[in-house]
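Below: one structure, written as structure tokens.
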Amino acid sequence: MASAAVEGKSRVLVIGGTGYIGRFIVAASAREGHPTAVLVRDATPSDAAKAVVLQGFRDAGVTLVKGDLYDHESLVAAIKSTDIVISAVGSQQIPEQSRIIAAIKEAVNVKRFFPSEFGNDVDHVNAVEPAKSIFALKARIRHAIEVGVTGPPTDRVLILGDGNVKGVFSVEDDVGTYTIKAVDDPRTLNKTLYLRPPSNTLTHNELVSLWEKKHGKTFERVYIPEDGVLKQIQESPVPLNIVLSISHAAWVKGDHTNFEIEPSFGVEATGLYPDVKYVTVDEYLNRFL
């Protein structure tokens, strides 16, 4: 008998839901009334045992979402339809959870991510090989999550560098709008079009202060010095190391704002098109309240 979803319950997506522990998580989620989905490569597998498991999911009211851990677009699409992502992938796919983290970062909407850690606390183990290496991989994923990949923080925030370097924030829709505005504009011919909205050019500390004001509380700020950021980049798997290295350039080195826009090579979009009402950081943060 299918379980009825309970109003107000978070939507849950399980990745690795047909595995040893994953199927129990899926069953519990459906039983507790969460709108539950499972990422599957094939909803009608030839493997008889897996087909039985999937039919059991359907009978419990679980939605089978077609997608693949190695297909970024399908992963993002699946994640955009959920609130909570739970990974129950096996040990061989532990490093690949960086793909889930990257997809969550792009999707933006996820409230919580539970990595595949159903056993020892990876920060407090004394294992020997080969378990030691597996726990080390899990620890990297945990620490990658701590850097911040989901929504705004609710109690603690990690800040790269000293937090006083200004960066630029823009929503995708505004990037599209300004790009098309420039298409037939002779002022942008052979020039780099920069997007530096005045209201959206903030330091990390200023961003946190704005969120604290909206949230009505003060967060613990944990600063990661540059050498710590570089260490994270070296130890993180692809594509997370790429994301971290871009963040290092922006928030430690200041690559968004550490130069003046000279008329000889560039123009600034919000100055050229003052009629465009861009989404401010202040407005964007209201989405998470």
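In the structure tokens, chains take the letters A, B, ... in the order shown, each chain's residues start at 1, and ligands count up from 1 in the order shown.
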
Discussion item. Give me, as a list in words, all polymer residues having an atom no more than 9 Å from Phe118 of chain A, counting only C-alpha atoms and skipping those fewer than 3 positions away in the same chain.
Written reply: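 Selected residues are Ile21, Ala88, Pro115 and Asp121 of chain A.
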
Serialized selection, N, CA and C atoms, as a PDB file, in the first residue's frame:
```pdb
ATOM      1  N   ILE A  21      22.045  -0.080   2.165  1.00  0.00           N
ATOM      2  CA  ILE A  21      21.407   0.769   3.176  1.00  0.00           C
ATOM      3  C   ILE A  21      20.385   1.703   2.552  1.00  0.00           C
ATOM      4  N   ALA A  88      23.473   7.514  -0.603  1.00  0.00           N
ATOM      5  CA  ALA A  88      23.722   6.197  -0.010  1.00  0.00           C
ATOM      6  C   ALA A  88      24.570   5.373  -0.976  1.00  0.00           C
ATOM      7  N   PRO A 115      25.716  13.120   3.217  1.00  0.00           N
ATOM      8  CA  PRO A 115      26.639  12.276   2.445  1.00  0.00           C
ATOM      9  C   PRO A 115      26.564  10.826   2.905  1.00  0.00           C
ATOM     10  N   ASP A 121      32.487   7.506  12.512  1.00  0.00           N
ATOM     11  CA  ASP A 121      32.679   8.938  12.335  1.00  0.00           C
ATOM     12  C   ASP A 121      34.049   9.125  11.690  1.00  0.00           C
TER      13      ASP A 121
END
```

Worksheet item: So which bits of segment 54-149 of chain A end up helix (DSSP H, G or I) when you DSSP the backbone, as JSON, numbers by chain?
Response: {"A": [54, 55, 56, 57, 58, 59, 72, 73, 74, 75, 76, 77, 78, 79, 91, 92, 93, 97, 98, 99, 100, 101, 102, 103, 104, 105, 106, 107, 131, 132, 133, 134, 135, 136, 137, 138, 139, 140, 141, 142, 143, 144, 145, 146, 147]}

Fill in: Shell around Ala250 of chain A at 12 Å using only C-alpha atoms, local window under 2 positions removed, as a PyMOL selection string
chain A and resi 160-161+163-169+201-204+243-248+252-258

Residues of segment 83-202 of chain A that have any atom at most 12 Å from an atom of segment 24-41 of chain A: could you tabulate them with the shortest-distance atom pair and the distance in Å to one decimal, using only C-alpha atoms, ordered by chain and increasing number, as CSV?
```
residue,atom,partner,partner_atom,distance
A:Asp83,CA,A:Pro35,CA,9.9
A:Ile84,CA,A:Thr36,CA,9.6
A:Val85,CA,A:Ala37,CA,9.7
A:Ile86,CA,A:Ile25,CA,8.7
A:Ser87,CA,A:Ile25,CA,9.9
A:Ala88,CA,A:Ile25,CA,8.4
A:Val89,CA,A:Leu39,CA,11.1
A:Ile100,CA,A:Leu39,CA,11.7
A:Phe114,CA,A:Ile25,CA,11.5
A:Ser116,CA,A:Ile25,CA,11.5
A:Phe118,CA,A:Ile25,CA,10.9
```

Nearby residues (only C-alpha atoms) at most 7 Å from Lys138 of chain A, same-chain spacing under 3 positions excluded, as a compact mmCIF listing (two decimals) with all heavy atoms, in the first residue's frame:
```txt
# COMPACT_ATOMS: atom_id res chain seq x y z
N ILE A 94 32.32 6.84 -3.38
CA ILE A 94 32.46 7.91 -2.38
C ILE A 94 33.06 9.18 -2.98
O ILE A 94 32.53 10.28 -2.78
CB ILE A 94 33.32 7.42 -1.18
CG1 ILE A 94 32.59 6.33 -0.39
CG2 ILE A 94 33.66 8.59 -0.26
CD1 ILE A 94 31.26 6.74 0.19
N VAL A 122 34.05 9.62 10.46
CA VAL A 122 35.30 9.66 9.69
C VAL A 122 36.33 10.63 10.25
O VAL A 122 37.51 10.57 9.87
CB VAL A 122 35.01 9.99 8.21
CG1 VAL A 122 34.17 8.89 7.59
CG2 VAL A 122 34.32 11.35 8.08
N ILE A 134 39.47 4.71 2.59
CA ILE A 134 38.05 4.95 2.36
C ILE A 134 37.53 6.04 3.30
O ILE A 134 36.81 6.95 2.90
CB ILE A 134 37.24 3.65 2.54
CG1 ILE A 134 37.63 2.64 1.47
CG2 ILE A 134 35.73 3.94 2.49
CD1 ILE A 134 36.99 1.29 1.64
N PHE A 135 37.93 5.96 4.58
CA PHE A 135 37.50 6.97 5.55
C PHE A 135 38.07 8.34 5.18
O PHE A 135 37.42 9.37 5.39
CB PHE A 135 37.93 6.58 6.96
CG PHE A 135 37.15 5.43 7.54
CD1 PHE A 135 37.78 4.45 8.29
CD2 PHE A 135 35.79 5.33 7.33
CE1 PHE A 135 37.08 3.38 8.82
CE2 PHE A 135 35.06 4.26 7.86
CZ PHE A 135 35.71 3.29 8.60
N ILE A 141 34.91 14.58 1.54
CA ILE A 141 33.56 14.97 1.14
C ILE A 141 32.90 15.76 2.25
O ILE A 141 32.26 16.79 2.02
CB ILE A 141 32.71 13.72 0.78
CG1 ILE A 141 33.27 13.04 -0.46
CG2 ILE A 141 31.25 14.10 0.59
CD1 ILE A 141 33.24 13.87 -1.72
N ARG A 142 33.04 15.29 3.49
CA ARG A 142 32.45 16.00 4.63
C ARG A 142 32.99 17.42 4.71
O ARG A 142 32.24 18.38 4.89
CB ARG A 142 32.75 15.26 5.93
CG ARG A 142 32.27 16.02 7.16
CD ARG A 142 32.67 15.36 8.46
NE ARG A 142 31.92 14.14 8.73
CZ ARG A 142 31.94 13.51 9.91
NH1 ARG A 142 32.67 14.00 10.90
NH2 ARG A 142 31.25 12.40 10.08
```

Item to complete: Considering only C-alpha atoms, state which residue in the set A:Ile101, A:Ala107, A:Val76, A:Val276 is at the smallest distance from Gly176 of chain A.
Response: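 The answer is A:Val276, which sits nearest to Gly176 of chain A.
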
Discussion item. When you look at Ala78 of chain A with a cut-off of 9 Å (counting only C-alpha atoms), what residues show up, excluding the ones that are within fewer than 3 positions of it in the same chain? I need them as a PyMOL selection string.
Written reply: chain A and resi 13+37+39+65-67+73-75+81-82

Using the selection just defined, write its residues with all heavy atoms as a CSV table (one decimal), in the first residue's frame.
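The resulting file, again18.csv, is reproduced below:
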```
chain,number,residue,atom,x,y,z
A,13,LEU,N,15.2,13.2,-1.9
A,13,LEU,CA,15.8,12.5,-3.0
A,13,LEU,C,16.9,11.6,-2.5
A,13,LEU,O,17.9,12.1,-1.8
A,13,LEU,CB,16.3,13.4,-4.1
A,13,LEU,CG,17.1,12.8,-5.2
A,13,LEU,CD1,16.2,11.9,-6.1
A,13,LEU,CD2,17.8,13.8,-6.1
A,37,ALA,N,11.8,10.5,-3.6
A,37,ALA,CA,12.2,10.1,-4.9
A,37,ALA,C,13.5,9.4,-4.9
A,37,ALA,O,14.3,9.6,-3.9
A,37,ALA,CB,12.3,11.3,-5.8
A,39,LEU,N,16.9,8.4,-7.4
A,39,LEU,CA,17.5,8.5,-8.7
A,39,LEU,C,17.9,7.2,-9.3
A,39,LEU,O,18.5,6.3,-8.6
A,39,LEU,CB,18.8,9.3,-8.5
A,39,LEU,CG,19.5,9.8,-9.8
A,39,LEU,CD1,18.8,11.0,-10.4
A,39,LEU,CD2,21.0,10.2,-9.5
A,65,VAL,N,13.1,8.8,-10.4
A,65,VAL,CA,13.5,9.9,-11.2
A,65,VAL,C,14.7,9.4,-12.1
A,65,VAL,O,15.7,9.0,-11.5
A,65,VAL,CB,14.0,11.1,-10.3
A,65,VAL,CG1,14.5,12.2,-11.2
A,65,VAL,CG2,12.8,11.5,-9.5
A,66,LYS,N,14.6,9.5,-13.4
A,66,LYS,CA,15.7,9.0,-14.2
A,66,LYS,C,16.8,10.0,-14.2
A,66,LYS,O,16.6,11.2,-14.4
A,66,LYS,CB,15.2,8.8,-15.7
A,66,LYS,CG,16.2,8.1,-16.6
A,66,LYS,CD,15.6,7.7,-17.9
A,66,LYS,CE,16.6,6.9,-18.7
A,66,LYS,NZ,16.0,6.5,-20.0
A,67,GLY,N,18.0,9.5,-14.0
A,67,GLY,CA,19.2,10.4,-13.9
A,67,GLY,C,20.4,9.5,-13.6
A,67,GLY,O,20.3,8.3,-13.4
A,73,GLU,N,23.7,17.2,-16.0
A,73,GLU,CA,22.4,17.9,-16.3
A,73,GLU,C,21.3,17.1,-15.7
A,73,GLU,O,20.3,17.7,-15.1
A,73,GLU,CB,22.2,18.0,-17.8
A,73,GLU,CG,23.1,19.1,-18.4
A,73,GLU,CD,22.8,19.3,-19.9
A,73,GLU,OE1,21.8,18.8,-20.4
A,73,GLU,OE2,23.5,20.1,-20.5
A,74,SER,N,21.3,15.8,-15.8
A,74,SER,CA,20.2,15.0,-15.2
A,74,SER,C,20.2,15.1,-13.7
A,74,SER,O,19.2,15.1,-13.0
A,74,SER,CB,20.3,13.6,-15.7
A,74,SER,OG,21.4,12.9,-15.1
A,75,LEU,N,21.4,15.2,-13.1
A,75,LEU,CA,21.6,15.2,-11.7
A,75,LEU,C,21.0,16.6,-11.2
A,75,LEU,O,20.3,16.6,-10.2
A,75,LEU,CB,23.1,15.1,-11.3
A,75,LEU,CG,23.4,14.8,-9.9
A,75,LEU,CD1,22.7,13.5,-9.4
A,75,LEU,CD2,24.9,14.6,-9.8
A,81,SER,N,14.2,19.4,-7.9
A,81,SER,CA,12.8,19.0,-7.5
A,81,SER,C,12.7,18.5,-6.1
A,81,SER,O,11.8,17.8,-5.7
A,81,SER,CB,12.3,18.0,-8.5
A,81,SER,OG,12.2,18.5,-9.8
A,82,THR,N,13.8,18.8,-5.3
A,82,THR,CA,13.8,18.2,-3.9
A,82,THR,C,14.3,19.3,-2.9
A,82,THR,O,14.8,20.3,-3.3
A,82,THR,CB,14.6,17.0,-3.9
A,82,THR,OG1,14.4,16.3,-2.7
A,82,THR,CG2,16.1,17.3,-3.9
```

Practice prompt. Find the residue from A:Val14, A:Val222, A:Leu230, A:Ala269 that sits nearest to Ala249 of chain A; use only C-alpha atoms when measuring.
Written response: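 The closest residue to Ala249 of chain A is A:Leu230.
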
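Considering only C-alpha atoms, the residue among A:Val171, A:Leu193, A:Ile159, A:Val108 positioned nearest to Glu226 of chain A is A:Ile159.
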
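Relative to atom CA of Lys217 of chain A, atom CA of Ala139 of chain A is found at 29.4 Å.
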
Worksheet item: Suppose you want the space between atom CA of Lys111 of chain A and atom CA of Ala43 of chain A; what is it in Å?
Response: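 Between these atoms lies a distance of 26.7 Å.
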
Item to complete: Considering only C-alpha atoms, state which residue in the set A:Ala77, A:Leu69, A:Gly19, A:Gly228 is at the smallest distance from Lys50 of chain A.
Response: A:Gly19

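Using only C-alpha atoms, the smallest distance between any of A:Thr18, A:Tyr70, A:Lys132, A:Lys191 and Ala49 of chain A comes from A:Thr18.
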